[in-house]
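These notes concern the structure reproduced below.
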Amino acid sequence: MSAPTTSTPGVTPRIGLTSPHRRRGAWVPPLMAAAVVLLVGGLWEGLVYLGLPLARGQEQLHVGHGPLMVLGFLGTLIGLERAVALGPAWAYTAPIGAAAGGLAVVVNAPNRLGPALVTLGGLALVAIFVAVYRIQASPHTVVLGCGALCWVAAGALWLAGWDVPRFIPWLTGFLVLTITGERLELSRLAGAGRRARRLFVVAAGAFAAGLVISLWADAIGVRVAGAGLCALAAWLARYDIARRTIRTGGITRYMASALLTGYAWLAVGGALWLALGRMHFSDAGTAARGSGYDAMLHSIFLGFVISMIFAHAPVIVPAVLGRPLPFTRLFYLPLALLHATLLLRVVGGDVLGDVSSWRWGGSLNELALVLFLGLAATMVVRARPRPAAGGTRRRAE
Amino acid sequence: MIHREHRTDPARSAAAGDVTGQERPAAVAAAEVDALLHQVIDPEVGVNIVDLGLVYRILVDGPVVQVEMTLTTPGCPLAGYMDDAVRRVLTALPGVEDTRVDIVWDPAWSPAMMTDTAKRQLGWLR
(Lines give C-alpha, C1' and ligand atoms only; values in the text may rest on other atoms or scores of the structure.)
Protein backbone atom coordinates (compact mmCIF):
# COMPACT_ATOMS: atom_id res chain seq x y z
CA MET A 1 0.00 0.00 0.00
CA SER A 2 1.38 3.33 -0.85
CA ALA A 3 1.40 6.02 1.74
CA PRO A 4 -1.23 8.67 1.52
CA THR A 5 0.42 11.73 0.17
CA THR A 6 -0.45 15.14 1.43
CA SER A 7 -0.82 17.06 -1.72
CA THR A 8 -2.59 20.15 -0.58
CA PRO A 9 -4.17 22.77 -2.79
CA GLY A 10 -2.50 26.08 -2.37
CA VAL A 11 0.80 24.78 -1.07
CA THR A 12 3.79 26.83 -2.18
CA PRO A 13 5.70 25.12 -5.01
CA ARG A 14 8.81 23.47 -3.64
CA ILE A 15 12.31 23.75 -4.90
CA GLY A 16 13.68 20.32 -4.32
CA LEU A 17 16.93 19.57 -2.63
CA THR A 18 18.50 18.62 0.46
CA SER A 19 16.84 15.77 2.04
CA PRO A 20 18.10 12.42 3.17
CA HIS A 21 15.85 10.87 0.56
CA ARG A 22 18.37 12.20 -1.92
CA ARG A 23 21.39 10.96 -0.03
CA ARG A 24 23.29 8.59 -2.23
CA GLY A 25 24.09 6.20 0.54
CA ALA A 26 26.11 3.82 -1.60
CA TRP A 27 28.42 6.62 -2.73
CA VAL A 28 29.35 7.93 0.68
CA PRO A 29 31.31 5.01 2.22
CA PRO A 30 33.78 4.64 -0.69
CA LEU A 31 34.42 8.37 -0.63
CA MET A 32 34.92 8.35 3.13
CA ALA A 33 37.26 5.37 2.78
CA ALA A 34 39.22 7.21 0.08
CA ALA A 35 39.48 10.23 2.38
CA VAL A 36 40.96 8.01 5.08
CA VAL A 37 43.54 6.63 2.62
CA LEU A 38 44.49 10.17 1.60
CA LEU A 39 44.74 11.20 5.22
CA VAL A 40 47.02 8.27 6.03
CA GLY A 41 49.23 9.09 3.04
CA GLY A 42 49.39 12.76 4.00
CA LEU A 43 50.06 12.05 7.66
CA TRP A 44 52.79 9.57 6.81
CA GLU A 45 54.65 12.11 4.72
CA GLY A 46 54.06 14.66 7.48
CA LEU A 47 55.98 12.40 9.85
CA VAL A 48 58.71 12.00 7.26
CA TYR A 49 59.01 15.81 7.05
CA LEU A 50 59.24 15.90 10.82
CA GLY A 51 62.33 13.74 10.57
CA LEU A 52 60.96 10.52 11.98
CA PRO A 53 62.83 7.43 10.83
CA LEU A 54 60.20 6.26 8.36
CA ALA A 55 60.42 5.18 4.75
CA ARG A 56 59.90 8.17 2.52
CA GLY A 57 57.10 7.80 0.02
CA GLN A 58 57.54 8.21 -3.71
CA GLU A 59 58.39 11.70 -4.90
CA GLN A 60 54.90 12.76 -6.01
CA LEU A 61 53.45 11.82 -2.63
CA HIS A 62 56.30 13.37 -0.64
CA VAL A 63 56.27 16.69 -2.50
CA GLY A 64 52.49 16.67 -2.67
CA HIS A 65 51.90 16.41 1.10
CA GLY A 66 50.29 19.87 1.26
CA PRO A 67 47.96 19.70 -1.76
CA LEU A 68 47.13 16.09 -0.91
CA MET A 69 45.95 17.09 2.57
CA VAL A 70 44.10 20.23 1.44
CA LEU A 71 42.67 19.39 -1.99
CA GLY A 72 42.67 15.61 -1.64
CA PHE A 73 41.60 14.88 1.93
CA LEU A 74 39.76 18.08 2.87
CA GLY A 75 38.56 18.57 -0.71
CA THR A 76 36.88 15.16 -0.56
CA LEU A 77 35.19 15.93 2.77
CA ILE A 78 34.07 19.45 1.85
CA GLY A 79 32.98 18.37 -1.62
CA LEU A 80 31.04 15.47 -0.12
CA GLU A 81 29.19 17.56 2.46
CA ARG A 82 28.19 20.03 -0.25
CA ALA A 83 27.17 17.31 -2.70
CA VAL A 84 24.99 15.60 -0.09
CA ALA A 85 23.40 18.93 0.79
CA LEU A 86 22.59 19.83 -2.81
CA GLY A 87 21.58 16.33 -3.86
CA PRO A 88 21.99 15.76 -7.62
CA ALA A 89 24.39 13.11 -8.89
CA TRP A 90 26.54 15.55 -10.84
CA ALA A 91 27.43 17.37 -7.61
CA TYR A 92 29.35 14.28 -6.48
CA THR A 93 31.93 15.07 -9.17
CA ALA A 94 33.47 17.38 -6.56
CA PRO A 95 34.34 14.75 -3.93
CA ILE A 96 34.96 12.06 -6.56
CA GLY A 97 37.44 14.31 -8.39
CA ALA A 98 39.21 15.20 -5.15
CA ALA A 99 39.34 11.60 -3.96
CA ALA A 100 40.39 10.12 -7.30
CA GLY A 101 42.99 12.83 -7.82
CA GLY A 102 44.39 12.31 -4.34
CA LEU A 103 44.55 8.56 -4.85
CA ALA A 104 46.32 9.09 -8.19
CA VAL A 105 49.00 11.02 -6.28
CA VAL A 106 49.26 8.30 -3.65
CA VAL A 107 49.75 5.55 -6.25
CA ASN A 108 52.07 7.76 -8.33
CA ALA A 109 49.88 7.80 -11.42
CA PRO A 110 51.59 9.31 -14.45
CA ASN A 111 50.92 12.42 -16.54
CA ARG A 112 49.82 14.69 -13.72
CA LEU A 113 46.59 12.76 -13.53
CA GLY A 114 46.22 13.57 -9.82
CA PRO A 115 46.32 17.37 -10.09
CA ALA A 116 44.05 17.22 -13.17
CA LEU A 117 41.37 15.19 -11.39
CA VAL A 118 41.60 17.34 -8.29
CA THR A 119 41.12 20.46 -10.41
CA LEU A 120 38.06 18.87 -12.00
CA GLY A 121 36.68 18.35 -8.49
CA GLY A 122 37.22 22.03 -7.76
CA LEU A 123 35.32 23.03 -10.89
CA ALA A 124 32.43 20.84 -9.75
CA LEU A 125 32.43 22.60 -6.38
CA VAL A 126 32.21 25.95 -8.19
CA ALA A 127 29.22 24.57 -10.10
CA ILE A 128 27.61 23.51 -6.81
CA PHE A 129 27.80 27.07 -5.48
CA VAL A 130 26.46 28.44 -8.76
CA ALA A 131 23.47 26.12 -8.32
CA VAL A 132 23.03 27.23 -4.71
CA TYR A 133 23.23 30.88 -5.77
CA ARG A 134 20.52 30.29 -8.36
CA ILE A 135 18.25 28.89 -5.65
CA GLN A 136 18.85 31.87 -3.39
CA ALA A 137 21.31 34.65 -4.17
CA SER A 138 23.37 35.74 -1.18
CA PRO A 139 26.77 37.32 -0.41
CA HIS A 140 27.98 34.35 1.61
CA THR A 141 27.39 32.00 -1.33
CA VAL A 142 29.60 34.27 -3.43
CA VAL A 143 32.33 33.97 -0.78
CA LEU A 144 31.96 30.19 -0.74
CA GLY A 145 32.15 30.17 -4.54
CA CYS A 146 35.34 32.24 -4.39
CA GLY A 147 36.77 29.65 -2.01
CA ALA A 148 36.01 26.96 -4.58
CA LEU A 149 37.68 29.09 -7.27
CA CYS A 150 40.80 29.16 -5.09
CA TRP A 151 40.71 25.35 -5.13
CA VAL A 152 40.60 25.47 -8.94
CA ALA A 153 43.47 27.99 -9.05
CA ALA A 154 45.60 25.91 -6.69
CA GLY A 155 44.85 22.76 -8.68
CA ALA A 156 45.69 24.47 -11.96
CA LEU A 157 49.02 25.79 -10.60
CA TRP A 158 49.81 22.32 -9.25
CA LEU A 159 48.96 20.88 -12.67
CA ALA A 160 51.18 23.48 -14.32
CA GLY A 161 54.10 22.26 -12.25
CA TRP A 162 54.51 25.18 -9.84
CA ASP A 163 56.40 24.50 -6.64
CA VAL A 164 54.02 23.86 -3.77
CA PRO A 165 55.12 26.88 -1.67
CA ARG A 166 54.21 29.17 -4.58
CA PHE A 167 50.58 28.12 -4.57
CA ILE A 168 50.16 27.60 -0.83
CA PRO A 169 48.28 30.94 -0.65
CA TRP A 170 45.63 29.51 -3.00
CA LEU A 171 45.30 26.33 -0.96
CA THR A 172 44.80 28.57 2.04
CA GLY A 173 42.30 30.67 0.11
CA PHE A 174 40.13 27.64 -0.56
CA LEU A 175 39.83 26.75 3.11
CA VAL A 176 39.74 30.24 4.60
CA LEU A 177 37.05 31.53 2.24
CA THR A 178 35.02 28.33 2.61
CA ILE A 179 35.03 28.63 6.38
CA THR A 180 34.60 32.39 6.64
CA GLY A 181 31.82 32.31 4.04
CA GLU A 182 29.90 29.99 6.35
CA ARG A 183 30.63 32.19 9.34
CA LEU A 184 29.42 35.25 7.42
CA GLU A 185 26.13 33.46 6.85
CA LEU A 186 25.76 32.51 10.50
CA SER A 187 26.75 35.98 11.71
CA ARG A 188 23.23 37.09 10.77
CA LEU A 189 22.03 35.10 13.76
CA ALA A 190 24.27 37.20 15.97
CA GLY A 191 22.78 40.41 14.60
CA ALA A 192 25.57 41.31 12.18
CA GLY A 193 24.19 43.87 9.77
CA ARG A 194 25.27 45.87 6.76
CA ARG A 195 28.31 47.41 8.46
CA ALA A 196 29.57 43.96 9.43
CA ARG A 197 29.12 42.73 5.88
CA ARG A 198 31.06 45.71 4.52
CA LEU A 199 33.90 45.08 6.94
CA PHE A 200 33.93 41.45 5.89
CA VAL A 201 34.21 42.43 2.24
CA VAL A 202 37.18 44.67 3.06
CA ALA A 203 38.95 41.92 5.00
CA ALA A 204 38.21 39.14 2.51
CA GLY A 205 39.00 41.49 -0.37
CA ALA A 206 42.44 42.25 1.06
CA PHE A 207 43.08 38.55 1.50
CA ALA A 208 41.96 37.76 -2.07
CA ALA A 209 44.04 40.64 -3.46
CA GLY A 210 47.06 39.20 -1.69
CA LEU A 211 46.46 35.85 -3.37
CA VAL A 212 46.37 37.43 -6.81
CA ILE A 213 49.47 39.55 -6.13
CA SER A 214 51.33 36.46 -4.93
CA LEU A 215 51.21 35.09 -8.48
CA TRP A 216 53.73 37.73 -9.57
CA ALA A 217 55.27 39.02 -6.34
CA ASP A 218 55.08 36.28 -3.77
CA ALA A 219 56.49 38.16 -0.78
CA ILE A 220 54.27 41.21 -1.24
CA GLY A 221 51.27 39.04 -2.00
CA VAL A 222 51.75 36.90 1.10
CA ARG A 223 52.08 40.01 3.28
CA VAL A 224 48.90 41.54 1.84
CA ALA A 225 47.07 38.22 2.25
CA GLY A 226 48.41 38.05 5.82
CA ALA A 227 46.91 41.46 6.56
CA GLY A 228 43.63 40.12 5.17
CA LEU A 229 43.85 37.04 7.38
CA CYS A 230 44.42 39.21 10.46
CA ALA A 231 41.42 41.33 9.49
CA LEU A 232 39.28 38.23 8.97
CA ALA A 233 40.33 36.88 12.39
CA ALA A 234 39.41 40.22 13.97
CA TRP A 235 36.08 40.18 12.15
CA LEU A 236 35.33 36.66 13.39
CA ALA A 237 36.28 37.62 16.94
CA ARG A 238 33.89 40.57 16.74
CA TYR A 239 30.91 39.22 14.84
CA ASP A 240 30.90 35.43 15.03
CA ILE A 241 28.06 33.77 16.87
CA ALA A 242 30.53 31.60 18.81
CA ARG A 243 31.07 34.57 21.12
CA ARG A 244 27.51 34.09 22.30
CA THR A 245 27.27 30.31 22.14
CA ILE A 246 30.40 29.76 24.23
CA ARG A 247 28.16 30.63 27.21
CA THR A 248 25.81 27.73 26.49
CA GLY A 249 26.51 24.06 27.07
CA GLY A 250 26.84 20.63 25.48
CA ILE A 251 27.70 20.33 21.84
CA THR A 252 27.02 24.03 21.18
CA ARG A 253 29.65 25.10 23.71
CA TYR A 254 32.09 22.52 22.38
CA MET A 255 31.67 23.86 18.85
CA ALA A 256 32.15 27.41 20.05
CA SER A 257 35.32 26.41 21.91
CA ALA A 258 36.78 24.85 18.79
CA LEU A 259 35.77 27.84 16.68
CA LEU A 260 37.21 30.50 18.97
CA THR A 261 40.53 28.71 19.46
CA GLY A 262 40.68 28.28 15.70
CA TYR A 263 40.22 32.03 15.20
CA ALA A 264 43.16 32.69 17.52
CA TRP A 265 45.34 30.50 15.32
CA LEU A 266 44.07 32.28 12.21
CA ALA A 267 45.27 35.53 13.75
CA VAL A 268 48.65 33.96 14.53
CA GLY A 269 48.96 32.68 10.98
CA GLY A 270 47.95 36.03 9.51
CA ALA A 271 50.51 37.84 11.66
CA LEU A 272 53.21 35.42 10.51
CA TRP A 273 52.29 35.90 6.86
CA LEU A 274 52.35 39.65 7.35
CA ALA A 275 55.67 39.63 9.19
CA LEU A 276 57.58 37.01 7.22
CA GLY A 277 56.25 37.47 3.71
CA ARG A 278 57.85 35.06 1.33
CA MET A 279 57.32 31.38 1.97
CA HIS A 280 60.70 29.77 2.10
CA PHE A 281 60.88 26.05 2.38
CA SER A 282 63.85 23.83 3.03
CA ASP A 283 63.22 20.11 3.22
CA ALA A 284 66.03 19.72 5.71
CA GLY A 285 63.89 18.01 8.29
CA THR A 286 64.80 20.45 11.01
CA ALA A 287 62.88 23.22 12.64
CA ALA A 288 65.83 25.57 12.42
CA ARG A 289 65.82 25.71 8.63
CA GLY A 290 62.12 25.62 7.89
CA SER A 291 60.64 27.26 10.95
CA GLY A 292 58.87 30.25 9.45
CA TYR A 293 57.30 28.18 6.72
CA ASP A 294 56.22 25.47 9.15
CA ALA A 295 54.57 27.99 11.46
CA MET A 296 52.98 30.00 8.62
CA LEU A 297 51.28 26.90 7.28
CA HIS A 298 50.37 24.84 10.28
CA SER A 299 49.02 27.64 12.43
CA ILE A 300 46.35 27.98 9.74
CA PHE A 301 45.93 24.44 8.39
CA LEU A 302 46.05 22.72 11.77
CA GLY A 303 45.20 25.45 14.27
CA PHE A 304 42.39 27.06 12.29
CA VAL A 305 41.16 24.53 9.74
CA ILE A 306 41.40 21.27 11.66
CA SER A 307 39.85 22.98 14.66
CA MET A 308 36.89 23.86 12.40
CA ILE A 309 36.73 20.23 11.29
CA PHE A 310 36.69 19.11 14.93
CA ALA A 311 33.93 21.65 15.61
CA HIS A 312 31.61 20.58 12.83
CA ALA A 313 32.23 16.85 12.49
CA PRO A 314 29.65 15.92 15.17
CA VAL A 315 26.90 17.44 13.01
CA ILE A 316 28.29 17.01 9.50
CA VAL A 317 29.08 13.31 9.87
CA PRO A 318 25.44 12.45 10.74
CA ALA A 319 24.24 14.67 7.90
CA VAL A 320 26.46 12.87 5.40
CA LEU A 321 26.21 9.31 6.72
CA GLY A 322 22.61 9.42 7.87
CA ARG A 323 23.71 7.88 11.16
CA PRO A 324 23.85 9.61 14.53
CA LEU A 325 27.09 10.66 16.12
CA PRO A 326 26.20 11.29 19.77
CA PHE A 327 28.13 14.12 21.33
CA THR A 328 30.43 13.26 24.20
CA ARG A 329 32.61 15.56 26.27
CA LEU A 330 35.49 13.29 25.26
CA PHE A 331 35.62 15.35 22.04
CA TYR A 332 37.36 18.02 24.11
CA LEU A 333 40.36 15.68 24.50
CA PRO A 334 41.61 15.65 20.90
CA LEU A 335 40.70 19.34 20.62
CA ALA A 336 42.85 20.25 23.62
CA LEU A 337 45.62 17.92 22.45
CA LEU A 338 45.62 19.54 19.01
CA HIS A 339 46.00 23.07 20.35
CA ALA A 340 48.46 22.24 23.11
CA THR A 341 50.74 20.30 20.79
CA LEU A 342 50.51 22.95 18.09
CA LEU A 343 51.69 25.47 20.68
CA LEU A 344 54.61 23.15 21.45
CA ARG A 345 55.43 22.84 17.76
CA VAL A 346 55.16 26.52 16.89
CA VAL A 347 56.55 28.13 20.04
CA GLY A 348 59.02 25.48 21.20
CA GLY A 349 60.02 24.30 17.75
CA ASP A 350 59.54 27.05 15.20
CA VAL A 351 60.13 30.11 17.37
CA LEU A 352 62.70 28.83 19.86
CA GLY A 353 64.28 26.40 17.40
CA ASP A 354 64.09 23.32 19.59
CA VAL A 355 63.95 20.40 17.17
CA SER A 356 62.67 17.98 19.79
CA SER A 357 59.69 20.22 20.64
CA TRP A 358 58.96 20.63 16.95
CA ARG A 359 59.10 16.91 16.28
CA TRP A 360 57.05 15.95 19.34
CA GLY A 361 54.57 18.73 18.69
CA GLY A 362 54.12 17.76 15.05
CA SER A 363 53.78 14.06 15.80
CA LEU A 364 51.25 14.72 18.55
CA ASN A 365 49.31 17.00 16.19
CA GLU A 366 48.80 13.92 14.06
CA LEU A 367 47.88 11.86 17.09
CA ALA A 368 45.18 14.42 17.93
CA LEU A 369 43.72 14.02 14.45
CA VAL A 370 43.79 10.24 14.61
CA LEU A 371 42.34 10.30 18.13
CA PHE A 372 39.48 12.49 16.97
CA LEU A 373 38.69 10.28 13.98
CA GLY A 374 38.86 7.17 16.14
CA LEU A 375 36.54 8.70 18.71
CA ALA A 376 34.08 9.85 16.05
CA ALA A 377 34.09 6.43 14.37
CA THR A 378 33.58 4.71 17.73
CA MET A 379 30.64 6.93 18.59
CA VAL A 380 29.00 6.28 15.22
CA VAL A 381 29.43 2.52 15.53
CA ARG A 382 28.22 2.45 19.14
CA ALA A 383 25.12 4.52 18.43
CA ARG A 384 22.23 2.20 17.81
CA PRO A 385 20.83 2.74 14.35
CA ARG A 386 17.49 4.38 14.87
CA PRO A 387 14.41 2.75 13.37
CA ALA A 388 13.57 3.97 9.93
CA ALA A 389 11.13 6.84 9.97
CA GLY A 390 7.66 5.92 8.95
CA GLY A 391 7.80 8.03 5.85
CA THR A 392 10.93 6.42 4.57
CA ARG A 393 9.69 2.94 5.29
CA ARG A 394 6.37 3.47 3.69
CA ARG A 395 7.77 5.13 0.65
CA ALA A 396 9.90 2.10 0.06
CA GLU A 397 6.90 -0.17 -0.05
CA MET B 1 4.30 32.58 12.53
CA ILE B 2 3.76 28.91 11.82
CA HIS B 3 0.77 27.97 9.77
CA ARG B 4 -0.89 24.92 11.31
CA GLU B 5 -3.37 22.90 9.35
CA HIS B 6 -5.36 19.97 10.59
CA ARG B 7 -7.14 17.79 8.11
CA THR B 8 -9.43 14.96 9.03
CA ASP B 9 -10.20 12.12 6.73
CA PRO B 10 -12.63 9.65 8.37
CA ALA B 11 -11.82 6.95 5.85
CA ARG B 12 -8.12 7.26 6.57
CA SER B 13 -8.69 7.33 10.29
CA ALA B 14 -10.58 4.09 10.02
CA ALA B 15 -7.86 2.61 7.83
CA ALA B 16 -5.32 3.51 10.48
CA GLY B 17 -6.78 0.95 12.86
CA ASP B 18 -4.19 -1.22 14.55
CA VAL B 19 -4.06 -4.83 13.41
CA THR B 20 -3.77 -5.85 17.06
CA GLY B 21 -7.23 -4.45 17.58
CA GLN B 22 -6.05 -1.67 19.83
CA GLU B 23 -7.44 1.75 19.24
CA ARG B 24 -5.04 4.37 18.11
CA PRO B 25 -5.44 8.07 18.72
CA ALA B 26 -7.66 9.32 15.92
CA ALA B 27 -5.30 12.05 14.94
CA VAL B 28 -2.23 13.87 16.01
CA ALA B 29 -2.66 17.40 17.24
CA ALA B 30 -0.70 20.04 15.37
CA ALA B 31 0.11 21.65 18.72
CA GLU B 32 1.82 18.43 19.82
CA VAL B 33 3.91 18.44 16.68
CA ASP B 34 4.79 22.04 17.30
CA ALA B 35 5.84 21.24 20.86
CA LEU B 36 8.05 18.38 19.68
CA LEU B 37 9.70 20.52 17.06
CA HIS B 38 10.78 22.82 19.88
CA GLN B 39 13.05 19.93 20.90
CA VAL B 40 14.96 20.03 17.63
CA ILE B 41 17.95 22.20 18.35
CA ASP B 42 20.31 23.72 15.81
CA PRO B 43 23.54 22.46 17.40
CA GLU B 44 25.59 25.34 16.12
CA VAL B 45 23.52 28.04 17.79
CA GLY B 46 21.79 26.10 20.56
CA VAL B 47 18.32 27.35 19.67
CA ASN B 48 15.36 25.25 18.53
CA ILE B 49 14.20 25.37 14.93
CA VAL B 50 10.77 26.78 15.76
CA ASP B 51 12.14 29.81 17.60
CA LEU B 52 14.72 30.27 14.87
CA GLY B 53 11.81 30.73 12.47
CA LEU B 54 12.79 27.78 10.32
CA VAL B 55 9.42 25.98 10.51
CA TYR B 56 6.92 27.48 8.08
CA ARG B 57 4.02 25.08 8.20
CA ILE B 58 2.76 22.00 9.98
CA LEU B 59 0.15 19.92 8.25
CA VAL B 60 -1.49 17.06 10.12
CA ASP B 61 -3.49 14.76 7.94
CA GLY B 62 -4.69 11.92 10.13
CA PRO B 63 -1.60 9.85 11.03
CA VAL B 64 0.52 11.72 8.50
CA VAL B 65 2.55 14.73 9.55
CA GLN B 66 4.08 17.08 7.05
CA VAL B 67 6.50 19.77 8.11
CA GLU B 68 7.44 22.51 5.71
CA MET B 69 10.60 24.21 6.83
CA THR B 70 13.58 26.10 5.57
CA LEU B 71 17.24 26.51 6.49
CA THR B 72 19.19 29.69 6.90
CA THR B 73 20.80 29.07 3.51
CA PRO B 74 20.37 26.62 0.61
CA GLY B 75 22.91 23.87 0.35
CA CYS B 76 23.48 24.03 4.09
CA PRO B 77 25.45 20.95 5.13
CA LEU B 78 23.22 20.68 8.20
CA ALA B 79 20.18 19.88 6.07
CA GLY B 80 20.40 16.13 6.49
CA TYR B 81 21.00 16.49 10.22
CA MET B 82 17.90 18.66 10.63
CA ASP B 83 15.76 16.42 8.50
CA ASP B 84 16.79 13.38 10.53
CA ALA B 85 16.22 15.19 13.82
CA VAL B 86 12.71 16.29 12.83
CA ARG B 87 11.76 12.79 11.72
CA ARG B 88 13.18 11.31 14.90
CA VAL B 89 11.08 13.43 17.25
CA LEU B 90 7.92 13.08 15.20
CA THR B 91 8.22 9.33 14.85
CA ALA B 92 8.18 9.14 18.63
CA LEU B 93 4.74 10.74 18.71
CA PRO B 94 1.95 8.19 19.26
CA GLY B 95 -0.35 8.02 16.29
CA VAL B 96 2.18 9.21 13.72
CA GLU B 97 2.61 6.70 10.92
CA ASP B 98 4.31 8.80 8.34
CA THR B 99 6.34 11.95 8.40
CA ARG B 100 7.35 14.17 5.57
CA VAL B 101 9.82 17.01 5.79
CA ASP B 102 9.85 19.44 2.91
CA ILE B 103 12.61 21.99 2.78
CA VAL B 104 11.56 25.09 0.89
CA TRP B 105 13.30 28.35 -0.03
CA ASP B 106 10.37 30.63 -0.56
CA PRO B 107 10.14 32.81 1.42
CA ALA B 108 13.84 33.11 2.18
CA TRP B 109 14.69 32.94 5.86
CA SER B 110 15.76 36.13 7.53
CA PRO B 111 16.70 36.99 11.13
CA ALA B 112 13.40 38.87 11.41
CA MET B 113 11.69 35.46 11.49
CA MET B 114 13.26 34.57 14.83
CA THR B 115 11.07 34.80 17.89
CA ASP B 116 11.96 37.03 20.83
CA THR B 117 12.93 33.88 22.71
CA ALA B 118 15.58 33.09 20.11
CA LYS B 119 16.74 36.69 19.96
CA ARG B 120 17.08 36.72 23.72
CA GLN B 121 19.08 33.48 23.65
CA LEU B 122 21.38 34.90 21.00
CA GLY B 123 21.93 38.15 22.82
CA TRP B 124 19.78 40.43 20.65
CA LEU B 125 17.46 41.26 23.52
CA ARG B 126 18.18 41.57 27.20
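Order determines the names: the first chain of the C-alpha coordinates is A, the second B, and so forth; residues in each chain are numbered 1 upward, and ligands are numbered 1 upward as they are shown.
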request  = Extract, using only C-alpha atoms, all DNA, RNA and protein residues at most 6 Å from Ala319 (chain A), discarding same-chain residues fewer than 3 positions from it, and format them as a PyMOL selection string.
outcome  = (chain A and resi 316+322) or (chain B and resi 80-81)
key: Residue neighbourhood Leu144 (chain A), 9 Å, only C-alpha atoms, exclusion window fewer than 6 positions, as an MDAnalysis selection string   = chainID A and resid 126 129 174 177:182
Generate a file of the selected residues that holds N, CA and C atoms, formatted as an mmCIF file, in the first residue's frame.
```cif
data_model
loop_
_atom_site.group_PDB
_atom_site.id
_atom_site.type_symbol
_atom_site.label_atom_id
_atom_site.label_comp_id
_atom_site.auth_asym_id
_atom_site.auth_seq_id
_atom_site.Cartn_x
_atom_site.Cartn_y
_atom_site.Cartn_z
ATOM 1 N N VAL A 126 32.653 24.631 -7.706
ATOM 2 C CA VAL A 126 32.211 25.945 -8.185
ATOM 3 C C VAL A 126 30.782 25.823 -8.732
ATOM 4 N N PHE A 129 28.155 25.767 -6.062
ATOM 5 C CA PHE A 129 27.801 27.068 -5.483
ATOM 6 C C PHE A 129 27.027 27.938 -6.476
ATOM 7 N N PHE A 174 41.249 28.580 -0.475
ATOM 8 C CA PHE A 174 40.126 27.640 -0.556
ATOM 9 C C PHE A 174 39.512 27.413 0.821
ATOM 10 N N LEU A 177 38.284 30.937 2.772
ATOM 11 C CA LEU A 177 37.048 31.527 2.244
ATOM 12 C C LEU A 177 35.858 30.577 2.427
ATOM 13 N N THR A 178 36.106 29.284 2.360
ATOM 14 C CA THR A 178 35.021 28.328 2.609
ATOM 15 C C THR A 178 34.507 28.471 4.045
ATOM 16 N N ILE A 179 35.435 28.547 4.977
ATOM 17 C CA ILE A 179 35.035 28.625 6.385
ATOM 18 C C ILE A 179 34.436 29.991 6.710
ATOM 19 N N THR A 180 35.109 31.057 6.283
ATOM 20 C CA THR A 180 34.601 32.391 6.644
ATOM 21 C C THR A 180 33.291 32.707 5.917
ATOM 22 N N GLY A 181 33.107 32.121 4.729
ATOM 23 C CA GLY A 181 31.824 32.308 4.043
ATOM 24 C C GLY A 181 30.677 31.743 4.876
ATOM 25 N N GLU A 182 30.918 30.587 5.472
ATOM 26 C CA GLU A 182 29.896 29.993 6.345
ATOM 27 C C GLU A 182 29.676 30.845 7.585
#
```
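With only C-alpha atoms taken into account, the protein and nucleic acid residues at most 6 Å from Gln66 (chain B) (excluding it and anything under 4 positions from it in its own chain) are Ile58, Leu59, Thr99, Arg100 and Val101 of chain B.
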task = Might you pull out every residue within 9 Å of Val33 (chain B), with only C-alpha atoms counted and same-chain residues fewer than 4 positions away left off, and present them as an MDAnalysis selection string?
result = chainID B and resid 28:29 37:38 58 60 65 89:90 93
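Atom to atom, CA of Ser110 (chain B) and CA of Pro139 (chain A) stand 13.6 Å apart.
Distances to Val40 (chain B) were evaluated for B:Lys119, B:Arg87, B:Arg57, B:Arg126 using only C-alpha atoms, and the minimum falls at B:Arg87.
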